[in-house]
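Below: one structure, written as structure tokens.
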Amino acid sequence: MAGNYSFRYTLDNYINLLTFCFQLNLTHPKIIMDELTNDLKKKLIEVLNLTDITPEEINENEQLVGGDLGIDSIDVLEMVVMVEKEYGVVINNKDIGEKVFSTLAALTDYIRENSPKLAS
Amino acid sequence: MSSKKKTVYIAGIGIISPLGCGADATEQSLRKNSSAIAPLSANIFPIHTPPPLLVGQVANLTESPLPRTHRLTIAAAQQAMKGQSHPPDAVVLGTTTGGILTTENLLIESEKDPLKYRHHGLTTVAEELADALHCTGPALTVSTACSSGSVAISMALKMLQSGEAEWVLAGGADSLCRLTYFGFHSLQLVDPEGSRPLDKDRKGMSVAEGAGLLLLTTVKPRQPMGQILGCGLTCDAHHPAAPHPEGIGAFQAIRNAINSAGINARAIDYINLHGTGTPDNDLAESKAIRAVFANPPPLSSIKGATGHSLAASGAIEAVIAAICIQEGFLPGNTGHRTPDPELHIKPIISPVRQPVSTILSNSFGFGGNNACLLISKNGTVTAPTNISAQAPLTIVGKACITGAGHTRSSLETFSKLAVIGGTLDSKIISENLPVRKVRRLKRFSRIALALAAAAVEDSGLKESPQSVFMGSGWGALSETYDFIDKLQSSDEKFPSPIDFVGSVHNSAAGQIAIMHGARGANITCSGGDHSFEQALLAADSFLDEDSPSAFVLGVDEFHKQFSPLFDPSITTDTLPADGGGGFYLLRQAIPGRVSIQLTCYQKQTEDILESLIAGLGGTESLQNDCGMILAGIPAAFAHQGEEQLHQFMEKTGLDIPVIHYRMFTGEFASASSVAAVIAAQLLEDGVVDSSKKILVLGFGKYVTAMEFAIQ
């Protein structure tokens, strides 16, 4: 799964974004986290075709794999692809995978800490 | 009236694999115990995401315009048929790739000419082989992932034991291609260091290619290379891509093979493991073996030497079993370095010179599809068992899906002689399927699951069928397209695991098994416009008193890009049509219910019509008994098919209604499954007199006949 990931944001764009967010007080870590969580919920629904629920109905602290959503090993692998494609984070270690996909909150944390795409 | 189950001999073998071409080269490689697994060579296909993974590839394959899988098959067939003066009565081939490597190349070039894709279909491999050998009987294709080769040999075994055929060429073939190379990689099932079956540090498989064929016969050769004693087929009904962790289905398949061979487990003196090198397979397989054998005989996997050639693997390993029996040696478990204490079984590390007489060969595929073969030097000394005359296959439940809707809507619309062809809205197809359980499934699997559920409901029976026999011309086109599309558009970086698993030809049949707990034989066939007839033939071969119930269905989906490219009967102007028909069948005589029987499956030849008429009981019998004909003439064979039908009517002098059913169902490969449901309904409704039969005839390159009658 490892491929050459190209960093999309230029420095100018980054500074502009930060300035804008600063002005609107949107750089608070909790707000960035919530945006990421919401974004992930939407992607989860899309990638796993969970057509019968809305992002609001997903509890980020509930068990992800083997939980009520019926997510299994194939879904996890599909999410691994999505995470690398959308956030540039590679998860190809089974032990890391098990921790990272335990809950949506754990996944959000891991992406936030490891993604070259997001503000840190 | 019963007859003796016939002994099945191996009269010829053919093999081409990463170990080399031919039995001698294979034996020499195995004796050296070295691995042929190496980085993918760019001349098979170039990749954009180096470094290349380790694979098992065949060197120096003869060039020809045919796709790679076809060439591998013919190379093996030339060896297996050497010295034979007449063609086999039938060909049965297992394959998962068909012409897809060529298709991938054409798609990359944005090729739009359908003629260039004419070897894409799985069925074309067996058909090219049959043409090359001048075989005029059925050319059957099974596609059950990694067990395909063994399933094909099992089907040949049944056809021979029953006396239906005397000579059958059977085996499996697959080529490397991007779909499987990137697909297994997306599932994180590939070992970056090359597969190390049963090793403590094993990380997965190495995808490979090859072909293995056996010429099997009930006419004892002067120097038989061995016998096929028995087979066992089961389905885990557990998960689309992982085996049952306790190896329950595998255990049952081994037991069924032993029982069908009529031997004691102690008679087995070597086990050729499926042993792919994935953590899950090797663990589950070891549990199954320990559950059968208190003290397992010597065992090993050769996939550390060859890699995993998918559909070819079961057949390659059956050929290797015959070689071992002939030459008196057991292959080592190449690649094994550190024993895994969790397995509690220890493979032979290096080749051993030792006479060997009876070999168990395991093949366990995606969808929990398990097939075990027993190959022996001499067979047993006990008297051959009797096979009783088979009860008919009775329809106890049925369902269809067409553009006009589910069963009732389709049949009501048809009864007004209105067109039912079209593509039913996906939401309507899925309306009775549990949303969460089918969320990953696309159109093809949803149609299949809806049919299976409706057939059970129609039966009113509490128990679901135990086996599944499915026919499809083109399989899961949506997933195949989406996988290739996502692969190409992401420059090979982001292949989709869900689409790969869904694209496997037998994924739908596997889903039916999971939903209904069907743990018996699970076979998906692909025979172009005769795919449903192939599924029926498979059902007829395997259903017996011990295993009497089955789903038998035909399904095809219309795909906007792929259908006009692949199916010669569909152009960009053709009305899109898809769907299928499904049955709950019992091997049991039930007076008053409709029986279904396949009476003919032959290639179009000069005397095909005489053969067809004779098979249907002769002219007089037809004139007395036949009440209606539903004729399927695919658009691609319009002229030829019309001529065949015309001649049939002339020769038989029949003056009965003939319905060209494709005018109603639309053009799709398994449309005959819908015709079959219509035929049963017409008899049940008394539209055709209950003393008469309805024939569903298929025309074109092959001619097929199904008979429906009230018992």
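By convention here, the chains of the structure tokens are called A, B, ... in the order presented, each chain's residues are numbered starting at 1, and ligands are numbered starting at 1 in the order presented.
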Next on the checklist: Please identify all residues of chain B having at least one atom at most 8 Å from any atom of chain A, considering only C-alpha atoms, and return them as a ChimeraX atom specification.
Outcome noted: /B:49,185-188,241,435-436,439-440,493-498
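Within stretch 73-228 of chain B, the backbone-based DSSP assignment of strand (DSSP E) covers B:Ala90, B:Val91, B:Val92, B:Leu93, B:Gly94, B:Ala139, B:Leu140, B:Thr141, B:Val142, B:Trp167, B:Val168, B:Leu169, B:Ala170, B:Gly171, B:Gly172, B:Ala173, B:Asp174, B:Gly210, B:Ala211, B:Gly212, B:Leu213, B:Leu214, B:Leu215, B:Leu216, B:Thr217, B:Gln227, B:Ile228.
From atom CA of B:Leu553 back to atom CA of B:Ala679, the distance works out to 14.6 Å.
The nearest approach to A:Ser115 among the residues A:Lys41, A:Val83, A:Phe101, A:Asp95, with only C-alpha atoms taken into account, belongs to A:Val83.
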Item to check | Members of stretch 110-197 of chain B assigned alpha helix (DSSP H) by DSSP, as a PyMOL selection string | outcome: chain B and resi 123-133+148-161+178-186
Write a file of the selected residues as a PDB file, in the first residue's frame, keeping C-alpha atoms.
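What landed in result_36.pdb:
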ATOM      1  CA  THR B 123     -15.866 -19.809 -20.682  1.00  0.00           C
ATOM      2  CA  THR B 124     -13.607 -18.988 -23.628  1.00  0.00           C
ATOM      3  CA  VAL B 125     -10.677 -20.854 -22.074  1.00  0.00           C
ATOM      4  CA  ALA B 126     -12.530 -24.190 -21.954  1.00  0.00           C
ATOM      5  CA  GLU B 127     -14.146 -23.494 -25.333  1.00  0.00           C
ATOM      6  CA  GLU B 128     -10.813 -22.749 -27.044  1.00  0.00           C
ATOM      7  CA  LEU B 129      -9.442 -25.917 -25.483  1.00  0.00           C
ATOM      8  CA  ALA B 130     -12.424 -27.971 -26.652  1.00  0.00           C
ATOM      9  CA  ASP B 131     -12.084 -26.504 -30.153  1.00  0.00           C
ATOM     10  CA  ALA B 132      -8.366 -27.323 -30.261  1.00  0.00           C
ATOM     11  CA  LEU B 133      -9.099 -30.921 -29.233  1.00  0.00           C
ATOM     12  CA  SER B 148     -11.566 -24.151  -8.836  1.00  0.00           C
ATOM     13  CA  GLY B 149      -9.081 -26.716 -10.194  1.00  0.00           C
ATOM     14  CA  SER B 150     -10.050 -29.299  -7.581  1.00  0.00           C
ATOM     15  CA  VAL B 151     -13.750 -28.573  -8.060  1.00  0.00           C
ATOM     16  CA  ALA B 152     -13.337 -29.079 -11.816  1.00  0.00           C
ATOM     17  CA  ILE B 153     -11.657 -32.450 -11.216  1.00  0.00           C
ATOM     18  CA  SER B 154     -14.436 -33.356  -8.755  1.00  0.00           C
ATOM     19  CA  MET B 155     -17.069 -32.554 -11.367  1.00  0.00           C
ATOM     20  CA  ALA B 156     -15.249 -34.696 -13.929  1.00  0.00           C
ATOM     21  CA  LEU B 157     -15.066 -37.493 -11.354  1.00  0.00           C
ATOM     22  CA  LYS B 158     -18.838 -37.425 -10.878  1.00  0.00           C
ATOM     23  CA  MET B 159     -19.516 -37.383 -14.622  1.00  0.00           C
ATOM     24  CA  LEU B 160     -17.235 -40.381 -15.079  1.00  0.00           C
ATOM     25  CA  GLN B 161     -18.369 -42.415 -12.058  1.00  0.00           C
ATOM     26  CA  ARG B 178      -3.304  -6.830 -12.159  1.00  0.00           C
ATOM     27  CA  LEU B 179      -6.639  -7.758 -10.604  1.00  0.00           C
ATOM     28  CA  THR B 180      -5.204 -10.561  -8.482  1.00  0.00           C
ATOM     29  CA  TYR B 181      -1.756  -9.020  -8.020  1.00  0.00           C
ATOM     30  CA  PHE B 182      -3.152  -5.791  -6.564  1.00  0.00           C
ATOM     31  CA  GLY B 183      -6.287  -7.403  -5.168  1.00  0.00           C
ATOM     32  CA  PHE B 184      -4.566  -9.788  -2.768  1.00  0.00           C
ATOM     33  CA  HIS B 185      -2.109  -7.008  -1.913  1.00  0.00           C
ATOM     34  CA  SER B 186      -5.021  -4.739  -0.945  1.00  0.00           C
TER      35      SER B 186
END
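When only C-alpha atoms are used to measure the gap to A:Pro116, the shortest distance among A:Pro55, A:Gly66, A:Gly88, A:Gly97 belongs to A:Gly88.
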Checklist entry - Within 12 Å of A:Lys99, counting only C-alpha atoms, which residues qualify if same-chain residues fewer than 3 places away don't, as a VMD selection string? => result chain A and resid 63 to 65 76 91 93 to 96 102 to 110
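Separating atom CA of B:Ala170 from atom CA of B:Met706 is a distance of 24.2 Å.
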Checklist entry - Excluding same-chain residues fewer than 5 positions from B:Leu449, what lies within 10 Å of it counting only C-alpha atoms, as a count of residues only? => result 18
